[in-house]
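Note: the block below is target_0.pdb and it holds PDB, C-alpha atoms.
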ATOM      1  CA  MET R  28     226.904   4.514 -78.396  1.00  0.00           C
ATOM      2  CA  PRO R  29     228.175   3.245 -81.730  1.00  0.00           C
ATOM      3  CA  ILE R  30     230.903   0.732 -81.104  1.00  0.00           C
ATOM      4  CA  ALA R  31     232.730   1.514 -84.365  1.00  0.00           C
ATOM      5  CA  THR R  32     234.127   4.669 -82.750  1.00  0.00           C
ATOM      6  CA  LYS R  33     235.676   2.687 -79.888  1.00  0.00           C
ATOM      7  CA  LYS R  34     239.334   1.827 -80.219  1.00  0.00           C
ATOM      8  CA  ILE R  35     241.245  -1.076 -78.777  1.00  0.00           C
ATOM      9  CA  GLY R  36     242.459  -0.394 -75.248  1.00  0.00           C
ATOM     10  CA  GLU R  37     239.958   2.373 -74.494  1.00  0.00           C
ATOM     11  CA  SER R  38     237.571   2.392 -71.581  1.00  0.00           C
ATOM     12  CA  ILE R  39     233.837   2.219 -72.123  1.00  0.00           C
ATOM     13  CA  SER R  40     232.324   4.534 -69.537  1.00  0.00           C
ATOM     14  CA  GLY R  41     229.559   3.377 -67.285  1.00  0.00           C
ATOM     15  CA  PRO R  42     227.365   5.258 -64.824  1.00  0.00           C
ATOM     16  CA  LYS R  43     228.500   7.964 -62.417  1.00  0.00           C
ATOM     17  CA  VAL R  44     227.033   8.989 -59.064  1.00  0.00           C
ATOM     18  CA  SER R  45     227.935  11.908 -56.815  1.00  0.00           C
ATOM     19  CA  ILE R  46     227.459  12.463 -53.104  1.00  0.00           C
ATOM     20  CA  ARG R  47     227.797  15.788 -51.308  1.00  0.00           C
ATOM     21  CA  PHE R  48     227.987  15.978 -47.539  1.00  0.00           C
ATOM     22  CA  LYS R  49     228.519  18.716 -44.978  1.00  0.00           C
ATOM     23  CA  GLY R  50     229.256  17.968 -41.361  1.00  0.00           C
ATOM     24  CA  PRO R  51     231.349  15.725 -39.106  1.00  0.00           C
ATOM     25  CA  PHE R  52     232.584  12.355 -40.408  1.00  0.00           C
ATOM     26  CA  ASP R  53     235.189   9.715 -39.625  1.00  0.00           C
ATOM     27  CA  TYR R  54     237.471   9.577 -42.670  1.00  0.00           C
ATOM     28  CA  THR R  55     239.164   6.333 -41.593  1.00  0.00           C
ATOM     29  CA  TYR R  56     235.807   4.572 -41.277  1.00  0.00           C
ATOM     30  CA  LEU R  57     234.661   5.994 -44.623  1.00  0.00           C
ATOM     31  CA  ALA R  58     237.805   4.805 -46.447  1.00  0.00           C
ATOM     32  CA  ARG R  59     237.588   1.358 -44.825  1.00  0.00           C
ATOM     33  CA  THR R  60     233.924   1.066 -45.806  1.00  0.00           C
ATOM     34  CA  VAL R  61     234.715   1.731 -49.473  1.00  0.00           C
ATOM     35  CA  GLN R  62     237.708  -0.627 -49.396  1.00  0.00           C
ATOM     36  CA  ARG R  63     235.748  -3.406 -47.694  1.00  0.00           C
ATOM     37  CA  TRP R  64     232.868  -3.042 -50.176  1.00  0.00           C
ATOM     38  CA  PHE R  65     235.207  -3.685 -53.116  1.00  0.00           C
ATOM     39  CA  GLU R  66     237.247  -6.429 -51.475  1.00  0.00           C
ATOM     40  CA  GLN R  67     234.098  -8.389 -50.572  1.00  0.00           C
ATOM     41  CA  ARG R  68     233.273  -8.419 -54.292  1.00  0.00           C
ATOM     42  CA  ARG R  69     236.798  -9.629 -55.205  1.00  0.00           C
ATOM     43  CA  PHE R  70     238.100  -6.413 -56.724  1.00  0.00           C
ATOM     44  CA  LYS R  71     241.757  -5.417 -56.491  1.00  0.00           C
ATOM     45  CA  PHE R  72     241.647  -2.182 -54.520  1.00  0.00           C
ATOM     46  CA  MET R  73     244.207   0.592 -54.216  1.00  0.00           C
ATOM     47  CA  GLU R  74     244.390   4.210 -53.165  1.00  0.00           C
ATOM     48  CA  SER R  75     246.120   5.793 -56.118  1.00  0.00           C
ATOM     49  CA  ARG R  76     246.436   9.336 -54.775  1.00  0.00           C
ATOM     50  CA  ILE R  77     246.153  11.090 -51.434  1.00  0.00           C
ATOM     51  CA  LYS R  78     246.798  14.809 -51.468  1.00  0.00           C
ATOM     52  CA  ASP R  79     246.562  16.489 -48.074  1.00  0.00           C
ATOM     53  CA  ALA R  80     246.933  20.274 -47.986  1.00  0.00           C
ATOM     54  CA  GLY R  81     245.759  21.137 -44.476  1.00  0.00           C
ATOM     55  CA  LYS R  82     242.172  22.302 -44.903  1.00  0.00           C
ATOM     56  CA  LYS R  83     241.826  20.544 -48.264  1.00  0.00           C
ATOM     57  CA  MET R  84     242.227  16.880 -49.091  1.00  0.00           C
ATOM     58  CA  LYS R  85     241.866  14.821 -52.276  1.00  0.00           C
ATOM     59  CA  VAL R  86     241.766  11.045 -52.334  1.00  0.00           C
ATOM     60  CA  ASP R  87     241.484   8.819 -55.424  1.00  0.00           C
ATOM     61  CA  MET R  88     240.680   5.127 -55.061  1.00  0.00           C
ATOM     62  CA  GLU R  89     240.549   2.510 -57.801  1.00  0.00           C
ATOM     63  CA  ALA R  90     239.140  -0.998 -57.872  1.00  0.00           C
ATOM     64  CA  THR R  91     239.679  -3.390 -60.785  1.00  0.00           C
ATOM     65  CA  ARG R  92     238.564  -6.899 -61.613  1.00  0.00           C
ATOM     66  CA  ASP R  93     239.323  -8.946 -64.717  1.00  0.00           C
ATOM     67  CA  ILE R  94     236.210 -10.088 -66.559  1.00  0.00           C
ATOM     68  CA  ASP R  95     238.148 -12.313 -68.957  1.00  0.00           C
ATOM     69  CA  GLU R  96     241.376 -12.139 -70.934  1.00  0.00           C
ATOM     70  CA  PHE R  97     240.081  -9.214 -73.021  1.00  0.00           C
ATOM     71  CA  TYR R  98     237.921  -7.103 -70.673  1.00  0.00           C
ATOM     72  CA  ALA R  99     238.451  -5.600 -67.223  1.00  0.00           C
ATOM     73  CA  GLU R 100     235.859  -3.892 -65.031  1.00  0.00           C
ATOM     74  CA  SER R 101     236.992  -0.925 -62.950  1.00  0.00           C
ATOM     75  CA  TYR R 102     235.551   1.655 -60.580  1.00  0.00           C
ATOM     76  CA  THR R 103     236.987   4.994 -59.505  1.00  0.00           C
ATOM     77  CA  VAL R 104     236.073   6.718 -56.241  1.00  0.00           C
ATOM     78  CA  LYS R 105     237.226  10.327 -55.990  1.00  0.00           C
ATOM     79  CA  MET R 106     236.822  12.171 -52.694  1.00  0.00           C
ATOM     80  CA  GLU R 107     237.405  15.871 -52.396  1.00  0.00           C
ATOM     81  CA  MET R 108     237.200  17.479 -48.966  1.00  0.00           C
ATOM     82  CA  TRP R 109     237.621  21.126 -48.068  1.00  0.00           C
ATOM     83  CA  GLU R 110     237.139  23.524 -45.167  1.00  0.00           C
ATOM     84  CA  LEU R 111     238.319  20.713 -42.907  1.00  0.00           C
ATOM     85  CA  SER R 112     238.769  20.941 -39.183  1.00  0.00           C
ATOM     86  CA  SER R 113     239.542  18.031 -36.885  1.00  0.00           C
ATOM     87  CA  GLN R 114     238.589  17.117 -33.367  1.00  0.00           C
ATOM     88  CA  GLU R 115     239.264  14.132 -31.169  1.00  0.00           C
ATOM     89  CA  VAL R 116     236.304  12.168 -29.803  1.00  0.00           C
ATOM     90  CA  ILE R 117     236.297   9.178 -27.472  1.00  0.00           C
ATOM     91  CA  VAL R 118     234.248   6.260 -28.835  1.00  0.00           C
ATOM     92  CA  ASN R 119     234.049   3.052 -26.764  1.00  0.00           C
ATOM     93  CA  GLY R 120     236.986   4.205 -24.665  1.00  0.00           C
ATOM     94  CA  GLU R 121     239.245   4.805 -27.683  1.00  0.00           C
ATOM     95  CA  PRO R 122     240.157   8.222 -29.083  1.00  0.00           C
ATOM     96  CA  ARG R 123     239.094   8.826 -32.692  1.00  0.00           C
ATOM     97  CA  LYS R 124     239.918  11.693 -35.015  1.00  0.00           C
ATOM     98  CA  ILE R 125     236.758  13.145 -36.555  1.00  0.00           C
ATOM     99  CA  LEU R 126     236.888  15.569 -39.486  1.00  0.00           C
ATOM    100  CA  ASN R 127     234.328  18.295 -40.015  1.00  0.00           C
ATOM    101  CA  GLY R 128     233.837  19.949 -43.395  1.00  0.00           C
ATOM    102  CA  LEU R 129     232.486  19.623 -46.916  1.00  0.00           C
ATOM    103  CA  VAL R 130     232.869  16.394 -48.875  1.00  0.00           C
ATOM    104  CA  GLN R 131     232.145  15.505 -52.488  1.00  0.00           C
ATOM    105  CA  ILE R 132     232.445  11.865 -53.514  1.00  0.00           C
ATOM    106  CA  ASP R 133     232.239  10.814 -57.172  1.00  0.00           C
ATOM    107  CA  VAL R 134     231.908   7.129 -58.056  1.00  0.00           C
ATOM    108  CA  SER R 135     232.202   6.022 -61.683  1.00  0.00           C
ATOM    109  CA  GLY R 136     232.546   2.704 -63.460  1.00  0.00           C
ATOM    110  CA  SER R 137     234.038   1.602 -66.753  1.00  0.00           C
ATOM    111  CA  VAL R 138     234.919  -1.483 -68.786  1.00  0.00           C
ATOM    112  CA  LYS R 139     238.338  -1.505 -70.432  1.00  0.00           C
ATOM    113  CA  THR R 140     238.847  -3.373 -73.674  1.00  0.00           C
ATOM    114  CA  ASP R 141     242.090  -5.244 -74.417  1.00  0.00           C
ATOM    115  CA  ARG R 142     243.247  -4.951 -70.819  1.00  0.00           C
ATOM    116  CA  ALA R 143     246.542  -6.710 -71.500  1.00  0.00           C
ATOM    117  CA  GLY R 144     247.300  -4.763 -74.698  1.00  0.00           C
ATOM    118  CA  PHE R 145     247.457  -7.910 -76.832  1.00  0.00           C
ATOM    119  CA  PHE R 146     245.665  -6.532 -79.914  1.00  0.00           C
ATOM    120  CA  LYS R 147     247.201  -3.064 -79.799  1.00  0.00           C
ATOM    121  CA  LYS R 148     250.855  -4.125 -79.915  1.00  0.00           C
ATOM    122  CA  LYS R 149     250.829  -6.515 -82.853  1.00  0.00           C
ATOM    123  CA  GLY R 150     249.746  -4.394 -85.855  1.00  0.00           C
ATOM    124  CA  LYS R 151     246.763  -3.540 -88.007  1.00  0.00           C
ATOM    125  CA  LEU R 152     245.503  -7.108 -88.460  1.00  0.00           C
ATOM    126  CA  TYR R 153     245.384  -7.713 -84.709  1.00  0.00           C
ATOM    127  CA  GLU R 154     243.757  -4.314 -84.178  1.00  0.00           C
ATOM    128  CA  PHE R 155     241.076  -5.255 -86.730  1.00  0.00           C
ATOM    129  CA  LEU R 156     240.518  -8.603 -84.984  1.00  0.00           C
ATOM    130  CA  GLY R 157     240.207  -6.768 -81.665  1.00  0.00           C
ATOM    131  CA  LYS R 158     237.508  -4.510 -83.134  1.00  0.00           C
ATOM    132  CA  VAL R 159     235.686  -7.570 -84.451  1.00  0.00           C
ATOM    133  CA  LEU R 160     235.827  -9.077 -80.953  1.00  0.00           C
ATOM    134  CA  ILE R 161     234.411  -5.860 -79.456  1.00  0.00           C
ATOM    135  CA  ASP R 162     231.563  -5.864 -82.011  1.00  0.00           C
ATOM    136  CA  ALA R 163     230.815  -9.556 -81.468  1.00  0.00           C
ATOM    137  CA  ARG R 164     230.660  -9.354 -77.678  1.00  0.00           C
ATOM    138  CA  TRP R 165     229.311  -5.823 -77.257  1.00  0.00           C
ATOM    139  CA  ARG R 166     225.712  -6.818 -76.358  1.00  0.00           C
ATOM    140  CA  GLU R 167     226.932  -9.403 -73.860  1.00  0.00           C
ATOM    141  CA  ILE R 168     229.271  -6.932 -72.148  1.00  0.00           C
ATOM    142  CA  GLU R 169     226.595  -4.244 -72.146  1.00  0.00           C
ATOM    143  CA  ALA R 170     224.003  -6.539 -70.585  1.00  0.00           C
ATOM    144  CA  LYS R 171     226.257  -8.310 -68.086  1.00  0.00           C
ATOM    145  CA  TYR R 172     228.548  -5.512 -66.963  1.00  0.00           C
ATOM    146  CA  ILE R 173     227.579  -2.004 -68.097  1.00  0.00           C
ATOM    147  CA  ASP R 174     223.951  -2.386 -66.941  1.00  0.00           C
ATOM    148  CA  VAL R 175     225.021  -4.053 -63.682  1.00  0.00           C
ATOM    149  CA  MET R 176     227.433  -1.166 -63.026  1.00  0.00           C
ATOM    150  CA  GLU R 177     224.426   1.074 -62.485  1.00  0.00           C
ATOM    151  CA  TYR R 178     223.337  -1.091 -59.563  1.00  0.00           C
ATOM    152  CA  ARG R 179     226.865  -1.458 -58.193  1.00  0.00           C
ATOM    153  CA  THR R 180     227.505   2.286 -58.210  1.00  0.00           C
ATOM    154  CA  GLN R 181     224.203   2.778 -56.408  1.00  0.00           C
ATOM    155  CA  ASP R 182     225.195   0.092 -53.878  1.00  0.00           C
ATOM    156  CA  ILE R 183     228.484   1.900 -53.236  1.00  0.00           C
ATOM    157  CA  GLN R 184     226.552   5.132 -52.892  1.00  0.00           C
ATOM    158  CA  THR R 185     224.228   3.534 -50.335  1.00  0.00           C
ATOM    159  CA  ALA R 186     227.155   2.127 -48.317  1.00  0.00           C
ATOM    160  CA  ILE R 187     228.834   5.551 -48.269  1.00  0.00           C
ATOM    161  CA  LYS R 188     225.607   7.288 -47.258  1.00  0.00           C
ATOM    162  CA  GLU R 189     225.065   4.800 -44.430  1.00  0.00           C
ATOM    163  CA  CYS R 190     228.645   5.415 -43.285  1.00  0.00           C
ATOM    164  CA  LEU R 191     228.014   9.172 -43.265  1.00  0.00           C
ATOM    165  CA  ASN R 192     224.594   8.760 -41.565  1.00  0.00           C
ATOM    166  CA  MET R 193     222.809  10.208 -44.587  1.00  0.00           C
ATOM    167  CA  THR R 194     220.116   7.546 -44.760  1.00  0.00           C
ATOM    168  CA  THR R 195     216.536   8.668 -45.239  1.00  0.00           C
ATOM    169  CA  LYS R 196     215.325   7.310 -41.912  1.00  0.00           C
ATOM    170  CA  GLU R 197     217.417   9.798 -39.938  1.00  0.00           C
ATOM    171  CA  ASN R 198     217.265  12.831 -42.224  1.00  0.00           C
ATOM    172  CA  ALA R 199     213.657  12.788 -43.406  1.00  0.00           C
ATOM    173  CA  PRO R 200     211.759  15.961 -42.460  1.00  0.00           C
ATOM    174  CA  TRP R 201     208.528  14.084 -41.655  1.00  0.00           C
TER     175      TRP R 201
END
File written out as structure tokens:
Amino acid sequence: MPIATKKIGESISGPKVSIRFKGPFDYTYLARTVQRWFEQRRFKFMESRIKDAGKKMKVDMEATRDIDEFYAESYTVKMEMWELSSQEVIVNGEPRKILNGLVQIDVSGSVKTDRAGFFKKKGKLYEFLGKVLIDARWREIEAKYIDVMEYRTQDIQTAIKECLNMTTKENAPW
């Protein structure tokens, strides 16, 4: 990706993984698992959107962490659920609400340049200096953060799959 096309304040996209699941799942446990995963790695976590329409549900979660005064690392987890039905199950003497349906979870990462908007606000000279800073540090950011995002998104994917009991040990046909 040629860096000359990147502008100050834009996000540099990282890897993306998708998970599809059909069956019963505990949404509360799933959401807590994702939240806990990010908070253990010192990300600021928030659920930016929850749209519940009966048999359909959309949830967007965001996690952000400042790399330095110029860059910020962020992840987006988008869950879309449809054909939902709920049932109440007793687990360890406590009632739990279990959802049954189709789920698609998309996890993507990105690095945002000029996270505070310092170089964008000041004028053309500052914008030029911001581009120089992107060019000078591009290899470092790519090696330290963009490449590591691949492993982090796969770690999130593994945690979600373990939460949904999709691990190979239980679902392997042999």
Top pick for closest residue to Trp165 of chain R, considering R:Thr180, R:Val138, R:Lys43, R:Phe145 and counting all atoms listed in the file: R:Val138
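Restricting the calculation to all atoms listed in the file, the smallest distance between Leu111 of chain R and any of R:Glu154, R:Asp87, R:Asp141, R:Asp53 is found for R:Asp53.
Taking atom CA of Ala170 of chain R and atom CA of Gly41 of chain R as endpoints, the distance between them is 11.8 Å.
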Distance criterion (all atoms listed in the file): nearest to Arg179 of chain R out of R:Arg68, R:Ile46, R:Leu57, R:Glu74: R:Arg68
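The spacing separating atom CA of Leu126 of chain R from atom CA of Tyr102 of chain R amounts to 25.3 Å.
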Proximity to Phe72 of chain R - best of R:Thr140, R:Thr103, R:Phe97, R:Phe52, all atoms listed in the file: R:Thr103
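Among the candidate residues R:Glu100, R:Thr91, R:Gly128, R:Phe70, the one lying nearest to Val175 of chain R is R:Glu100, with distances computed using all atoms listed in the file.
Residues selected in this file by the PyMOL selection byres ((chain R and resi 82) around 12) comprise Lys78, Asp79, Ala80, Gly81, Lys83, Met84, Lys85, Glu107, Met108, Trp109, Glu110, Leu111, Ser112, Ser113, Leu126, Asn127, Gly128, Leu129 and Val130 of chain R.
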Preceding selection exported with C-alpha atoms as a CSV table (one decimal), keeping the file's coordinate frame:
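Written output follows (selection00.csv):
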chain,number,residue,atom,x,y,z
R,78,LYS,CA,246.8,14.8,-51.5
R,79,ASP,CA,246.6,16.5,-48.1
R,80,ALA,CA,246.9,20.3,-48.0
R,81,GLY,CA,245.8,21.1,-44.5
R,83,LYS,CA,241.8,20.5,-48.3
R,84,MET,CA,242.2,16.9,-49.1
R,85,LYS,CA,241.9,14.8,-52.3
R,107,GLU,CA,237.4,15.9,-52.4
R,108,MET,CA,237.2,17.5,-49.0
R,109,TRP,CA,237.6,21.1,-48.1
R,110,GLU,CA,237.1,23.5,-45.2
R,111,LEU,CA,238.3,20.7,-42.9
R,112,SER,CA,238.8,20.9,-39.2
R,113,SER,CA,239.5,18.0,-36.9
R,126,LEU,CA,236.9,15.6,-39.5
R,127,ASN,CA,234.3,18.3,-40.0
R,128,GLY,CA,233.8,19.9,-43.4
R,129,LEU,CA,232.5,19.6,-46.9
R,130,VAL,CA,232.9,16.4,-48.9
Point-to-point distance from atom CA of Gly144 of chain R to atom CA of Tyr172 of chain R, Å rounded to tenths: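 One can read the atom CA of Gly144 of chain R to atom CA of Tyr172 of chain R distance as 20.3 Å.
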Ground truth for the PyMOL selection byres ((chain R and resi 183) around 10), written as a PyMOL selection string: chain R and resi 44+60-61+64-65+104+134+178-182+184-189
Next, dump the selected residues to file, keeping only C-alpha atoms, as a PDB file, keeping the file's coordinate frame.
ATOM      1  CA  VAL R  44     227.033   8.989 -59.064  1.00  0.00           C
ATOM      2  CA  THR R  60     233.924   1.066 -45.806  1.00  0.00           C
ATOM      3  CA  VAL R  61     234.715   1.731 -49.473  1.00  0.00           C
ATOM      4  CA  TRP R  64     232.868  -3.042 -50.176  1.00  0.00           C
ATOM      5  CA  PHE R  65     235.207  -3.685 -53.116  1.00  0.00           C
ATOM      6  CA  VAL R 104     236.073   6.718 -56.241  1.00  0.00           C
ATOM      7  CA  VAL R 134     231.908   7.129 -58.056  1.00  0.00           C
ATOM      8  CA  TYR R 178     223.337  -1.091 -59.563  1.00  0.00           C
ATOM      9  CA  ARG R 179     226.865  -1.458 -58.193  1.00  0.00           C
ATOM     10  CA  THR R 180     227.505   2.286 -58.210  1.00  0.00           C
ATOM     11  CA  GLN R 181     224.203   2.778 -56.408  1.00  0.00           C
ATOM     12  CA  ASP R 182     225.195   0.092 -53.878  1.00  0.00           C
ATOM     13  CA  GLN R 184     226.552   5.132 -52.892  1.00  0.00           C
ATOM     14  CA  THR R 185     224.228   3.534 -50.335  1.00  0.00           C
ATOM     15  CA  ALA R 186     227.155   2.127 -48.317  1.00  0.00           C
ATOM     16  CA  ILE R 187     228.834   5.551 -48.269  1.00  0.00           C
ATOM     17  CA  LYS R 188     225.607   7.288 -47.258  1.00  0.00           C
ATOM     18  CA  GLU R 189     225.065   4.800 -44.430  1.00  0.00           C
TER      19      GLU R 189
END
Nearest-residue call for Gln131 of chain R, choices R:Lys105, R:Lys158, R:Arg59, R:Arg166, using all atoms listed in the file: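 Among the listed residues, R:Lys105 lies closest to Gln131 of chain R.
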Shell around Tyr98 of chain R at 10 Å using all atoms listed in the file, local window under 2 positions removed, as an MDAnalysis selection string: chainID R and resid 36 38 92:96 100:101 138:143 161 168
From the structure block, carefully write segment 82-96 of chain R out with N, CA and C atoms; format it as a CSV table (one decimal), in the first residue's frame.
chain,number,residue,atom,x,y,z
R,82,LYS,N,-36.6,-10.5,16.3
R,82,LYS,CA,-35.8,-11.7,15.8
R,82,LYS,C,-34.5,-11.3,15.2
R,83,LYS,N,-34.2,-10.0,15.1
R,83,LYS,CA,-32.9,-9.6,14.6
R,83,LYS,C,-32.2,-8.7,15.6
R,84,MET,N,-30.9,-8.7,15.6
R,84,MET,CA,-30.2,-7.9,16.5
R,84,MET,C,-28.8,-7.6,15.9
R,85,LYS,N,-28.4,-6.3,16.1
R,85,LYS,CA,-27.1,-5.9,15.6
R,85,LYS,C,-26.4,-5.2,16.8
R,86,VAL,N,-25.1,-5.6,17.0
R,86,VAL,CA,-24.3,-5.0,18.0
R,86,VAL,C,-23.0,-4.6,17.5
R,87,ASP,N,-22.6,-3.4,17.7
R,87,ASP,CA,-21.2,-2.9,17.3
R,87,ASP,C,-20.4,-2.6,18.6
R,88,MET,N,-19.2,-3.1,18.6
R,88,MET,CA,-18.3,-2.8,19.8
R,88,MET,C,-17.0,-2.3,19.2
R,89,GLU,N,-16.4,-1.3,20.0
R,89,GLU,CA,-15.2,-0.7,19.6
R,89,GLU,C,-14.2,-0.7,20.7
R,90,ALA,N,-13.0,-1.0,20.4
R,90,ALA,CA,-11.9,-0.9,21.4
R,90,ALA,C,-10.8,-0.1,20.8
R,91,THR,N,-10.2,0.8,21.6
R,91,THR,CA,-9.2,1.7,21.2
R,91,THR,C,-8.1,1.8,22.2
R,92,ARG,N,-6.9,2.0,21.7
R,92,ARG,CA,-5.7,2.2,22.6
R,92,ARG,C,-4.8,3.1,21.9
R,93,ASP,N,-4.3,4.1,22.6
R,93,ASP,CA,-3.3,5.1,22.0
R,93,ASP,C,-1.9,4.4,22.0
R,94,ILE,N,-1.3,4.5,20.8
R,94,ILE,CA,0.0,4.0,20.6
R,94,ILE,C,1.0,5.0,21.1
R,95,ASP,N,0.8,6.2,20.6
R,95,ASP,CA,1.6,7.4,21.0
R,95,ASP,C,0.7,8.6,20.7
R,96,GLU,N,1.4,9.8,20.7
R,96,GLU,CA,0.6,11.0,20.5
R,96,GLU,C,0.1,11.2,19.1
